[in-house]
>>> print(open('my_file-v8.pdb').read())   # PDB, C-alpha atoms and all ligand atoms
ATOM      1  CA  MET M   1     -31.806 -22.350  -2.618  1.00  0.00           C
ATOM      2  CA  SER M   2     -35.377 -22.243  -3.910  1.00  0.00           C
ATOM      3  CA  GLU M   3     -36.965 -25.417  -5.216  1.00  0.00           C
ATOM      4  CA  ARG M   4     -36.772 -26.130  -8.928  1.00  0.00           C
ATOM      5  CA  GLY M   5     -39.674 -24.918 -11.043  1.00  0.00           C
ATOM      6  CA  LEU M   6     -42.050 -27.127 -12.998  1.00  0.00           C
ATOM      7  CA  LEU M   7     -41.663 -27.760 -16.690  1.00  0.00           C
ATOM      8  CA  ILE M   8     -45.077 -27.468 -18.343  1.00  0.00           C
ATOM      9  CA  VAL M   9     -45.516 -28.783 -21.867  1.00  0.00           C
ATOM     10  CA  LEU M  10     -48.526 -27.918 -24.012  1.00  0.00           C
ATOM     11  CA  SER M  11     -48.812 -30.009 -27.151  1.00  0.00           C
ATOM     12  CA  GLY M  12     -51.397 -31.682 -29.341  1.00  0.00           C
ATOM     13  CA  PRO M  13     -52.205 -32.508 -32.940  1.00  0.00           C
ATOM     14  CA  SER M  14     -51.492 -30.156 -35.773  1.00  0.00           C
ATOM     15  CA  GLY M  15     -54.207 -27.552 -36.259  1.00  0.00           C
ATOM     16  CA  VAL M  16     -55.754 -27.894 -32.785  1.00  0.00           C
ATOM     17  CA  GLY M  17     -54.929 -24.290 -31.881  1.00  0.00           C
ATOM     18  CA  LYS M  18     -51.913 -24.656 -29.554  1.00  0.00           C
ATOM     19  CA  GLY M  19     -50.434 -21.330 -30.642  1.00  0.00           C
ATOM     20  CA  THR M  20     -53.726 -19.470 -30.183  1.00  0.00           C
ATOM     21  CA  VAL M  21     -54.253 -20.922 -26.708  1.00  0.00           C
ATOM     22  CA  ARG M  22     -50.650 -20.207 -25.700  1.00  0.00           C
ATOM     23  CA  LYS M  23     -50.937 -16.586 -26.882  1.00  0.00           C
ATOM     24  CA  ALA M  24     -54.193 -16.198 -24.945  1.00  0.00           C
ATOM     25  CA  ILE M  25     -52.493 -17.549 -21.805  1.00  0.00           C
ATOM     26  CA  PHE M  26     -49.620 -15.080 -22.071  1.00  0.00           C
ATOM     27  CA  GLU M  27     -51.929 -12.144 -22.792  1.00  0.00           C
ATOM     28  CA  ARG M  28     -53.041 -12.495 -19.180  1.00  0.00           C
ATOM     29  CA  ASP M  29     -50.945 -10.792 -16.544  1.00  0.00           C
ATOM     30  CA  ASP M  30     -51.626 -13.224 -13.702  1.00  0.00           C
ATOM     31  CA  ASN M  31     -49.308 -16.020 -14.857  1.00  0.00           C
ATOM     32  CA  ASP M  32     -46.793 -17.488 -12.483  1.00  0.00           C
ATOM     33  CA  PHE M  33     -44.756 -19.159 -15.205  1.00  0.00           C
ATOM     34  CA  GLN M  34     -42.370 -18.092 -17.952  1.00  0.00           C
ATOM     35  CA  TYR M  35     -42.721 -18.764 -21.668  1.00  0.00           C
ATOM     36  CA  SER M  36     -39.744 -20.407 -23.324  1.00  0.00           C
ATOM     37  CA  VAL M  37     -39.359 -18.718 -26.723  1.00  0.00           C
ATOM     38  CA  SER M  38     -38.707 -21.425 -29.309  1.00  0.00           C
ATOM     39  CA  MET M  39     -36.125 -21.373 -32.046  1.00  0.00           C
ATOM     40  CA  THR M  40     -37.038 -21.953 -35.688  1.00  0.00           C
ATOM     41  CA  THR M  41     -35.594 -21.868 -39.177  1.00  0.00           C
ATOM     42  CA  ARG M  42     -38.888 -20.896 -40.779  1.00  0.00           C
ATOM     43  CA  GLN M  43     -39.462 -17.484 -42.372  1.00  0.00           C
ATOM     44  CA  MET M  44     -40.612 -14.708 -40.102  1.00  0.00           C
ATOM     45  CA  ARG M  45     -44.303 -13.857 -40.679  1.00  0.00           C
ATOM     46  CA  PRO M  46     -45.561 -10.279 -40.858  1.00  0.00           C
ATOM     47  CA  GLY M  47     -45.872  -8.845 -37.369  1.00  0.00           C
ATOM     48  CA  GLU M  48     -43.537 -11.380 -35.774  1.00  0.00           C
ATOM     49  CA  VAL M  49     -40.576 -10.168 -33.750  1.00  0.00           C
ATOM     50  CA  ASP M  50     -37.262 -11.991 -33.436  1.00  0.00           C
ATOM     51  CA  GLY M  51     -36.719 -13.026 -29.816  1.00  0.00           C
ATOM     52  CA  VAL M  52     -40.400 -12.577 -28.935  1.00  0.00           C
ATOM     53  CA  ASP M  53     -42.349 -14.933 -31.194  1.00  0.00           C
ATOM     54  CA  TYR M  54     -39.355 -17.104 -32.010  1.00  0.00           C
ATOM     55  CA  HIS M  55     -35.598 -16.904 -32.146  1.00  0.00           C
ATOM     56  CA  PHE M  56     -35.228 -16.961 -35.939  1.00  0.00           C
ATOM     57  CA  ARG M  57     -32.075 -18.754 -37.075  1.00  0.00           C
ATOM     58  CA  THR M  58     -30.597 -20.184 -40.275  1.00  0.00           C
ATOM     59  CA  LYS M  59     -30.539 -23.917 -40.858  1.00  0.00           C
ATOM     60  CA  GLU M  60     -26.758 -23.921 -40.341  1.00  0.00           C
ATOM     61  CA  GLU M  61     -27.005 -22.070 -37.050  1.00  0.00           C
ATOM     62  CA  PHE M  62     -29.744 -24.409 -35.827  1.00  0.00           C
ATOM     63  CA  GLU M  63     -27.785 -27.526 -36.805  1.00  0.00           C
ATOM     64  CA  ALA M  64     -24.697 -26.217 -35.005  1.00  0.00           C
ATOM     65  CA  LEU M  65     -26.767 -25.821 -31.809  1.00  0.00           C
ATOM     66  CA  ILE M  66     -28.112 -29.369 -32.160  1.00  0.00           C
ATOM     67  CA  GLU M  67     -24.529 -30.614 -32.587  1.00  0.00           C
ATOM     68  CA  ALA M  68     -23.423 -28.710 -29.498  1.00  0.00           C
ATOM     69  CA  GLY M  69     -26.215 -30.316 -27.434  1.00  0.00           C
ATOM     70  CA  GLU M  70     -27.856 -26.969 -26.780  1.00  0.00           C
ATOM     71  CA  MET M  71     -31.429 -27.993 -27.612  1.00  0.00           C
ATOM     72  CA  LEU M  72     -33.709 -29.645 -25.046  1.00  0.00           C
ATOM     73  CA  GLU M  73     -35.737 -31.002 -27.981  1.00  0.00           C
ATOM     74  CA  TYR M  74     -36.202 -30.252 -31.636  1.00  0.00           C
ATOM     75  CA  ALA M  75     -38.247 -31.492 -34.571  1.00  0.00           C
ATOM     76  CA  GLU M  76     -38.534 -30.989 -38.280  1.00  0.00           C
ATOM     77  CA  TYR M  77     -42.012 -29.764 -39.082  1.00  0.00           C
ATOM     78  CA  VAL M  78     -43.155 -28.892 -42.628  1.00  0.00           C
ATOM     79  CA  GLY M  79     -39.578 -28.561 -43.830  1.00  0.00           C
ATOM     80  CA  ASN M  80     -38.260 -26.396 -40.985  1.00  0.00           C
ATOM     81  CA  TYR M  81     -36.592 -26.966 -37.654  1.00  0.00           C
ATOM     82  CA  TYR M  82     -38.339 -25.990 -34.430  1.00  0.00           C
ATOM     83  CA  GLY M  83     -36.760 -26.460 -31.025  1.00  0.00           C
ATOM     84  CA  THR M  84     -36.401 -25.425 -27.405  1.00  0.00           C
ATOM     85  CA  PRO M  85     -33.070 -23.918 -26.325  1.00  0.00           C
ATOM     86  CA  LEU M  86     -31.850 -25.797 -23.244  1.00  0.00           C
ATOM     87  CA  ASN M  87     -30.107 -22.924 -21.447  1.00  0.00           C
ATOM     88  CA  TYR M  88     -33.128 -20.734 -20.848  1.00  0.00           C
ATOM     89  CA  VAL M  89     -35.159 -23.687 -19.581  1.00  0.00           C
ATOM     90  CA  ASN M  90     -32.484 -24.868 -17.159  1.00  0.00           C
ATOM     91  CA  GLN M  91     -31.656 -21.436 -15.811  1.00  0.00           C
ATOM     92  CA  THR M  92     -35.297 -20.529 -15.255  1.00  0.00           C
ATOM     93  CA  LEU M  93     -36.126 -23.836 -13.561  1.00  0.00           C
ATOM     94  CA  ASP M  94     -33.033 -23.440 -11.359  1.00  0.00           C
ATOM     95  CA  GLU M  95     -34.340 -20.041 -10.251  1.00  0.00           C
ATOM     96  CA  GLY M  96     -37.429 -21.867  -8.970  1.00  0.00           C
ATOM     97  CA  LYS M  97     -39.700 -20.548 -11.716  1.00  0.00           C
ATOM     98  CA  ASP M  98     -42.035 -22.667 -13.850  1.00  0.00           C
ATOM     99  CA  VAL M  99     -41.371 -22.821 -17.581  1.00  0.00           C
ATOM    100  CA  PHE M 100     -44.068 -23.237 -20.223  1.00  0.00           C
ATOM    101  CA  LEU M 101     -43.367 -24.842 -23.629  1.00  0.00           C
ATOM    102  CA  GLU M 102     -45.780 -24.948 -26.562  1.00  0.00           C
ATOM    103  CA  ILE M 103     -44.424 -27.494 -29.005  1.00  0.00           C
ATOM    104  CA  GLU M 104     -45.534 -30.129 -31.502  1.00  0.00           C
ATOM    105  CA  VAL M 105     -45.887 -33.786 -30.515  1.00  0.00           C
ATOM    106  CA  GLN M 106     -42.511 -35.195 -31.597  1.00  0.00           C
ATOM    107  CA  GLY M 107     -40.716 -32.620 -29.472  1.00  0.00           C
ATOM    108  CA  ALA M 108     -43.055 -33.276 -26.547  1.00  0.00           C
ATOM    109  CA  GLY M 109     -42.099 -36.970 -26.740  1.00  0.00           C
ATOM    110  CA  GLN M 110     -38.416 -36.050 -26.438  1.00  0.00           C
ATOM    111  CA  VAL M 111     -39.107 -33.826 -23.426  1.00  0.00           C
ATOM    112  CA  LYS M 112     -41.096 -36.619 -21.775  1.00  0.00           C
ATOM    113  CA  GLU M 113     -38.040 -38.887 -22.013  1.00  0.00           C
ATOM    114  CA  LYS M 114     -35.659 -36.287 -20.622  1.00  0.00           C
ATOM    115  CA  VAL M 115     -37.929 -34.691 -18.017  1.00  0.00           C
ATOM    116  CA  PRO M 116     -40.461 -37.354 -16.988  1.00  0.00           C
ATOM    117  CA  ASP M 117     -41.693 -35.281 -14.024  1.00  0.00           C
ATOM    118  CA  GLY M 118     -42.812 -32.430 -16.295  1.00  0.00           C
ATOM    119  CA  VAL M 119     -46.501 -31.626 -16.641  1.00  0.00           C
ATOM    120  CA  PHE M 120     -47.695 -32.821 -20.045  1.00  0.00           C
ATOM    121  CA  ILE M 121     -50.906 -31.299 -21.339  1.00  0.00           C
ATOM    122  CA  PHE M 122     -52.519 -32.500 -24.560  1.00  0.00           C
ATOM    123  CA  LEU M 123     -54.846 -30.083 -26.303  1.00  0.00           C
ATOM    124  CA  THR M 124     -57.633 -31.994 -28.046  1.00  0.00           C
ATOM    125  CA  PRO M 125     -59.886 -30.845 -30.857  1.00  0.00           C
ATOM    126  CA  PRO M 126     -63.566 -30.732 -29.850  1.00  0.00           C
ATOM    127  CA  ASP M 127     -64.514 -32.935 -32.786  1.00  0.00           C
ATOM    128  CA  LEU M 128     -62.491 -35.768 -31.244  1.00  0.00           C
ATOM    129  CA  VAL M 129     -64.902 -35.712 -28.309  1.00  0.00           C
ATOM    130  CA  GLU M 130     -67.915 -35.652 -30.626  1.00  0.00           C
ATOM    131  CA  LEU M 131     -66.435 -38.032 -33.136  1.00  0.00           C
ATOM    132  CA  LYS M 132     -68.976 -40.807 -32.827  1.00  0.00           C
ATOM    133  CA  ALA M 133     -71.951 -38.462 -32.942  1.00  0.00           C
ATOM    134  CA  ARG M 134     -70.528 -36.696 -35.948  1.00  0.00           C
ATOM    135  CA  ILE M 135     -69.744 -39.795 -37.914  1.00  0.00           C
ATOM    136  CA  VAL M 136     -72.691 -41.960 -36.998  1.00  0.00           C
ATOM    137  CA  GLY M 137     -75.257 -39.184 -36.597  1.00  0.00           C
ATOM    138  CA  ARG M 138     -74.581 -37.279 -39.736  1.00  0.00           C
ATOM    139  CA  GLY M 139     -74.545 -40.220 -42.077  1.00  0.00           C
ATOM    140  CA  THR M 140     -73.375 -38.088 -44.967  1.00  0.00           C
ATOM    141  CA  ASP M 141     -69.673 -38.999 -45.078  1.00  0.00           C
ATOM    142  CA  SER M 142     -68.380 -41.501 -47.589  1.00  0.00           C
ATOM    143  CA  PRO M 143     -66.756 -44.680 -46.197  1.00  0.00           C
ATOM    144  CA  GLU M 144     -63.338 -43.257 -47.223  1.00  0.00           C
ATOM    145  CA  VAL M 145     -63.886 -40.055 -45.285  1.00  0.00           C
ATOM    146  CA  ILE M 146     -65.108 -42.011 -42.270  1.00  0.00           C
ATOM    147  CA  ASP M 147     -62.001 -44.203 -42.447  1.00  0.00           C
ATOM    148  CA  GLN M 148     -59.755 -41.146 -42.624  1.00  0.00           C
ATOM    149  CA  ARG M 149     -61.472 -39.533 -39.660  1.00  0.00           C
ATOM    150  CA  MET M 150     -61.237 -42.739 -37.665  1.00  0.00           C
ATOM    151  CA  ALA M 151     -57.539 -43.157 -38.490  1.00  0.00           C
ATOM    152  CA  ALA M 152     -56.793 -39.558 -37.500  1.00  0.00           C
ATOM    153  CA  ALA M 153     -58.745 -39.927 -34.262  1.00  0.00           C
ATOM    154  CA  ARG M 154     -57.017 -43.200 -33.389  1.00  0.00           C
ATOM    155  CA  GLU M 155     -53.638 -41.564 -33.917  1.00  0.00           C
ATOM    156  CA  GLU M 156     -54.578 -38.620 -31.747  1.00  0.00           C
ATOM    157  CA  ILE M 157     -55.864 -40.814 -28.931  1.00  0.00           C
ATOM    158  CA  GLU M 158     -52.690 -42.912 -29.057  1.00  0.00           C
ATOM    159  CA  MET M 159     -50.582 -39.751 -28.797  1.00  0.00           C
ATOM    160  CA  MET M 160     -52.692 -38.556 -25.879  1.00  0.00           C
ATOM    161  CA  SER M 161     -51.790 -41.574 -23.774  1.00  0.00           C
ATOM    162  CA  LEU M 162     -48.273 -40.180 -23.141  1.00  0.00           C
ATOM    163  CA  TYR M 163     -49.709 -37.102 -21.444  1.00  0.00           C
ATOM    164  CA  ASP M 164     -50.952 -36.301 -17.949  1.00  0.00           C
ATOM    165  CA  TYR M 165     -53.919 -34.142 -18.945  1.00  0.00           C
ATOM    166  CA  ALA M 166     -56.227 -33.764 -21.948  1.00  0.00           C
ATOM    167  CA  VAL M 167     -57.800 -30.339 -22.371  1.00  0.00           C
ATOM    168  CA  VAL M 168     -60.518 -29.814 -24.968  1.00  0.00           C
ATOM    169  CA  ASN M 169     -60.072 -26.689 -27.043  1.00  0.00           C
ATOM    170  CA  ASP M 170     -63.765 -25.971 -27.561  1.00  0.00           C
ATOM    171  CA  GLN M 171     -63.464 -22.305 -26.614  1.00  0.00           C
ATOM    172  CA  VAL M 172     -60.098 -20.633 -26.178  1.00  0.00           C
ATOM    173  CA  PRO M 173     -60.871 -18.822 -22.869  1.00  0.00           C
ATOM    174  CA  LEU M 174     -62.164 -22.089 -21.374  1.00  0.00           C
ATOM    175  CA  ALA M 175     -59.092 -23.999 -22.521  1.00  0.00           C
ATOM    176  CA  VAL M 176     -56.916 -21.273 -20.976  1.00  0.00           C
ATOM    177  CA  ASP M 177     -58.741 -21.556 -17.631  1.00  0.00           C
ATOM    178  CA  ARG M 178     -58.403 -25.334 -17.608  1.00  0.00           C
ATOM    179  CA  ILE M 179     -54.675 -25.160 -18.297  1.00  0.00           C
ATOM    180  CA  LYS M 180     -54.111 -22.566 -15.610  1.00  0.00           C
ATOM    181  CA  ASP M 181     -56.079 -24.657 -13.094  1.00  0.00           C
ATOM    182  CA  ILE M 182     -53.948 -27.697 -13.906  1.00  0.00           C
ATOM    183  CA  ILE M 183     -50.746 -25.751 -13.298  1.00  0.00           C
ATOM    184  CA  VAL M 184     -51.978 -24.493  -9.938  1.00  0.00           C
ATOM    185  CA  ALA M 185     -53.070 -27.978  -8.832  1.00  0.00           C
ATOM    186  CA  GLU M 186     -49.784 -29.582  -9.907  1.00  0.00           C
ATOM    187  CA  HIS M 187     -47.987 -27.595  -7.213  1.00  0.00           C
ATOM    188  CA  TYR M 188     -50.044 -29.322  -4.514  1.00  0.00           C
ATOM    189  CA  ARG M 189     -49.244 -32.869  -5.593  1.00  0.00           C
ATOM    190  CA  VAL M 190     -47.823 -34.878  -2.717  1.00  0.00           C
ATOM    191  CA  ASP M 191     -44.908 -36.200  -4.766  1.00  0.00           C
ATOM    192  CA  ARG M 192     -43.880 -32.597  -5.478  1.00  0.00           C
ATOM    193  CA  VAL M 193     -44.022 -31.367  -1.867  1.00  0.00           C
ATOM    194  CA  ILE M 194     -43.205 -34.374   0.299  1.00  0.00           C
ATOM    195  CA  GLY M 195     -39.441 -33.833  -0.017  1.00  0.00           C
ATOM    196  CA  LYS M 196     -39.844 -30.450   1.645  1.00  0.00           C
ATOM    197  CA  TYR M 197     -41.694 -31.980   4.618  1.00  0.00           C
ATOM    198  CA  ILE M 198     -39.190 -34.791   5.027  1.00  0.00           C
ATOM    199  CA  LYS M 199     -36.363 -32.258   5.048  1.00  0.00           C
ATOM    200  CA  MET M 200     -38.225 -30.194   7.636  1.00  0.00           C
ATOM    201  CA  LEU M 201     -38.640 -33.225   9.898  1.00  0.00           C
ATOM    202  CA  LYS M 202     -34.927 -33.966   9.725  1.00  0.00           C
ATOM    203  CA  GLU M 203     -34.096 -30.421  10.722  1.00  0.00           C
ATOM    204  CA  ILE M 204     -36.326 -30.397  13.812  1.00  0.00           C
TER     205      ILE M 204
HETATM  206  P1  LIG D   1     -45.784 -22.189 -36.536  1.00  0.00           P
HETATM  207  O1  LIG D   1     -44.830 -22.265 -37.670  1.00  0.00           O
HETATM  208  O2  LIG D   1     -47.209 -22.181 -36.974  1.00  0.00           O
HETATM  209  O3  LIG D   1     -45.458 -21.053 -35.594  1.00  0.00           O
HETATM  210  O4  LIG D   1     -45.588 -23.512 -35.667  1.00  0.00           O
HETATM  211  C1  LIG D   1     -45.675 -24.768 -36.256  1.00  0.00           C
HETATM  212  C2  LIG D   1     -45.647 -25.856 -35.196  1.00  0.00           C
HETATM  213  O5  LIG D   1     -44.394 -25.854 -34.512  1.00  0.00           O
HETATM  214  C3  LIG D   1     -46.712 -25.710 -34.103  1.00  0.00           C
HETATM  215  O6  LIG D   1     -47.356 -26.986 -33.960  1.00  0.00           O
HETATM  216  C4  LIG D   1     -45.922 -25.386 -32.858  1.00  0.00           C
HETATM  217  O7  LIG D   1     -46.536 -25.931 -31.691  1.00  0.00           O
HETATM  218  C5  LIG D   1     -44.610 -26.084 -33.147  1.00  0.00           C
HETATM  219  N1  LIG D   1     -43.492 -25.538 -32.380  1.00  0.00           N
HETATM  220  C6  LIG D   1     -43.279 -24.250 -32.026  1.00  0.00           C
HETATM  221  N2  LIG D   1     -42.158 -24.166 -31.300  1.00  0.00           N
HETATM  222  C7  LIG D   1     -41.660 -25.426 -31.171  1.00  0.00           C
HETATM  223  C8  LIG D   1     -40.525 -25.983 -30.520  1.00  0.00           C
HETATM  224  O8  LIG D   1     -39.721 -25.316 -29.871  1.00  0.00           O
HETATM  225  N3  LIG D   1     -40.343 -27.324 -30.634  1.00  0.00           N
HETATM  226  C9  LIG D   1     -41.192 -28.124 -31.317  1.00  0.00           C
HETATM  227  N4  LIG D   1     -40.924 -29.415 -31.336  1.00  0.00           N
HETATM  228  N5  LIG D   1     -42.270 -27.634 -31.935  1.00  0.00           N
HETATM  229  C10 LIG D   1     -42.506 -26.308 -31.870  1.00  0.00           C
END
>>> encode(input="my_file-v8.pdb", output="structure tokens", more="lines below")
Ligand code: 5GP
Amino acid sequence: MSERGLLIVLSGPSGVGKGTVRKAIFERDDNDFQYSVSMTTRQMRPGEVDGVDYHFRTKEEFEALIEAGEMLEYAEYVGNYYGTPLNYVNQTLDEGKDVFLEIEVQGAGQVKEKVPDGVFIFLTPPDLVELKARIVGRGTDSPEVIDQRMAAAREEIEMMSLYDYAVVNDQVPLAVDRIKDIIVAEHYRVDRVIGKYIKMLKEI
């Protein structure tokens, strides 16, 4: 049997561009990992295709799947459910293929609890990196706006601490390259390969 694949989770704060980066990753044809199509109860947007962009379901259907334990994770986001169907993830990992999820932060927290050896990548907004320069340097923001920015940044940095990697989304193609490099490198981690060597030694 082949070894189990890696579960890769891309998440980050609302509005950071997770969907754009994920789409750019899957527009490339050199990926060695599979996208897990999420399920949602939100309305389909023009141009979206059921089963490609999302599996579009009613609230009742979604709740029945939660009840039946068929979601790896799910969250309510802006009044709709979003979640990852468990079956596809398990089957694909069992086939030895890596699976890529792009989900919001509550869902990523649930995955971290269930699959702690997943690869957790946090996409950060560039202004978080330049926060101090922006706030101190510009000197034009009111104290209220500064407080709001600081509170948002603190929250984002706290969220980040659950993750393995932080990737700045300054330019989409650069963010894509960084994510792909991380996935390649993860396969060479000693804790991921040592089992194979130990098994080999036993068989000699
Ligand atoms: P949108 O409605 O713009 O497609 O997505 C809204 C948010 O839902 C985005 O932050 C996206 O990352 C998140 N999302 C998409 N699929 C899933 C999922 O399966 N689970 C969770 N928890 N969030 C998801």
>>> atom_distance(input="my_file-v8.pdb", atom1="CA of Val168 in chain M", atom2="CA of Asp127 in chain M")
9.3 Å
>>> resolve_selection(input="my_file-v8.pdb", expression="the PyMOL selection byres (((not hetatm)) within 7 of (chain D and resi 1))", output="list of chain:residue names")
M:Ser11, M:Ser14, M:Lys18, M:Gly19, M:Ser38, M:Met39, M:Arg42, M:Glu73, M:Tyr74, M:Ala75, M:Tyr77, M:Tyr82, M:Gly83, M:Thr84, M:Glu102, M:Ile103, M:Glu104, M:Val105, M:Gln106, M:Gly107, M:Ala108
>>> resolve_selection(input="my_file-v8.pdb", expression="the PyMOL selection byres (((chain M and resi 122) around 8) and not hetatm)", output="VMD selection string")
chain M and resid 10 to 12 120 to 121 123 to 124 160 163 to 167
>>> closest_residue(input="my_file-v8.pdb", among="M:Ile198, M:Pro13, M:Asp117, M:Glu203", to="Met159 in chain M", atoms="only C-alpha atoms")
M:Pro13
>>> atom_distance(input="my_file-v8.pdb", atom1="CA of Lys97 in chain M", atom2="CA of Gly5 in chain M")
4.4 Å
>>> closest_residue(input="my_file-v8.pdb", among="M:Val119, M:Glu70, M:Asp29, M:Leu162", to="Ile182 in chain M", atoms="all atoms listed in the file")
M:Val119
>>> atom_distance(input="my_file-v8.pdb", atom1="CA of Arg189 in chain M", atom2="CA of Val172 in chain M")
26.3 Å
>>> resolve_selection(input="my_file-v8.pdb", expression="the PyMOL selection byres (((chain M and resi 149) around 12) and not hetatm)", output="list of chain:residue names")
M:Asp127, M:Leu128, M:Glu130, M:Leu131, M:Lys132, M:Arg134, M:Ile135, M:Val136, M:Asp141, M:Ser142, M:Pro143, M:Glu144, M:Val145, M:Ile146, M:Asp147, M:Gln148, M:Met150, M:Ala151, M:Ala152, M:Ala153, M:Arg154, M:Glu155, M:Glu156
>>> write_last_selection(input="my_file-v8.pdb", atoms="C-alpha atoms", output="mmCIF file, keeping the file's coordinate frame")
data_model
loop_
_atom_site.group_PDB
_atom_site.id
_atom_site.type_symbol
_atom_site.label_atom_id
_atom_site.label_comp_id
_atom_site.auth_asym_id
_atom_site.auth_seq_id
_atom_site.Cartn_x
_atom_site.Cartn_y
_atom_site.Cartn_z
ATOM 1 C CA ASP M 127 -64.514 -32.935 -32.786
ATOM 2 C CA LEU M 128 -62.491 -35.768 -31.244
ATOM 3 C CA GLU M 130 -67.915 -35.652 -30.626
ATOM 4 C CA LEU M 131 -66.435 -38.032 -33.136
ATOM 5 C CA LYS M 132 -68.976 -40.807 -32.827
ATOM 6 C CA ARG M 134 -70.528 -36.696 -35.948
ATOM 7 C CA ILE M 135 -69.744 -39.795 -37.914
ATOM 8 C CA VAL M 136 -72.691 -41.960 -36.998
ATOM 9 C CA ASP M 141 -69.673 -38.999 -45.078
ATOM 10 C CA SER M 142 -68.380 -41.501 -47.589
ATOM 11 C CA PRO M 143 -66.756 -44.680 -46.197
ATOM 12 C CA GLU M 144 -63.338 -43.257 -47.223
ATOM 13 C CA VAL M 145 -63.886 -40.055 -45.285
ATOM 14 C CA ILE M 146 -65.108 -42.011 -42.270
ATOM 15 C CA ASP M 147 -62.001 -44.203 -42.447
ATOM 16 C CA GLN M 148 -59.755 -41.146 -42.624
ATOM 17 C CA MET M 150 -61.237 -42.739 -37.665
ATOM 18 C CA ALA M 151 -57.539 -43.157 -38.490
ATOM 19 C CA ALA M 152 -56.793 -39.558 -37.500
ATOM 20 C CA ALA M 153 -58.745 -39.927 -34.262
ATOM 21 C CA ARG M 154 -57.017 -43.200 -33.389
ATOM 22 C CA GLU M 155 -53.638 -41.564 -33.917
ATOM 23 C CA GLU M 156 -54.578 -38.620 -31.747
#
>>> closest_residue(input="my_file-v8.pdb", among="M:Val9, M:Glu3, M:Val21, M:Gln34", to="Val111 in chain M", atoms="all atoms listed in the file")
M:Val9
>>> closest_residue(input="my_file-v8.pdb", among="M:Phe62, M:Pro126, M:Arg4, M:Ser161", to="Val89 in chain M", atoms="all atoms listed in the file")
M:Arg4
>>> residues_around(input="my_file-v8.pdb", residues="Thr41 in chain M", least_positions_apart="5", cutoff="8 Å", atoms="all atoms listed in the file", output="list in words")
Phe56, Arg57, Thr58, Lys59, Phe62, Asn80, Tyr81 and Tyr82 of chain M
>>> axis_aligned_box(input="my_file-v8.pdb", around="range 147-158 of chain M", padding_each_side="8 Å", output="lines of an AutoDock Vina configuration file")
center_x = -57.3
center_y = -41.4
center_z = -35.8
size_x = 25.3
size_y = 21.6
size_z = 29.7
>>> residues_around(input="my_file-v8.pdb", residues="Ile183 in chain M", least_positions_apart="5", cutoff="9 Å", atoms="all atoms listed in the file", output="PDB file with C-alpha atoms, keeping the file's coordinate frame")
ATOM      1  CA  LEU M   6     -42.050 -27.127 -12.998  1.00  0.00           C
ATOM      2  CA  ILE M   8     -45.077 -27.468 -18.343  1.00  0.00           C
ATOM      3  CA  VAL M 119     -46.501 -31.626 -16.641  1.00  0.00           C
ATOM      4  CA  ARG M 178     -58.403 -25.334 -17.608  1.00  0.00           C
TER       5      ARG M 178
END
>>> closest_residue(input="my_file-v8.pdb", among="M:Leu72, M:Ile25, M:Ile204, M:Leu93", to="Glu113 in chain M", atoms="only C-alpha atoms")
M:Leu72
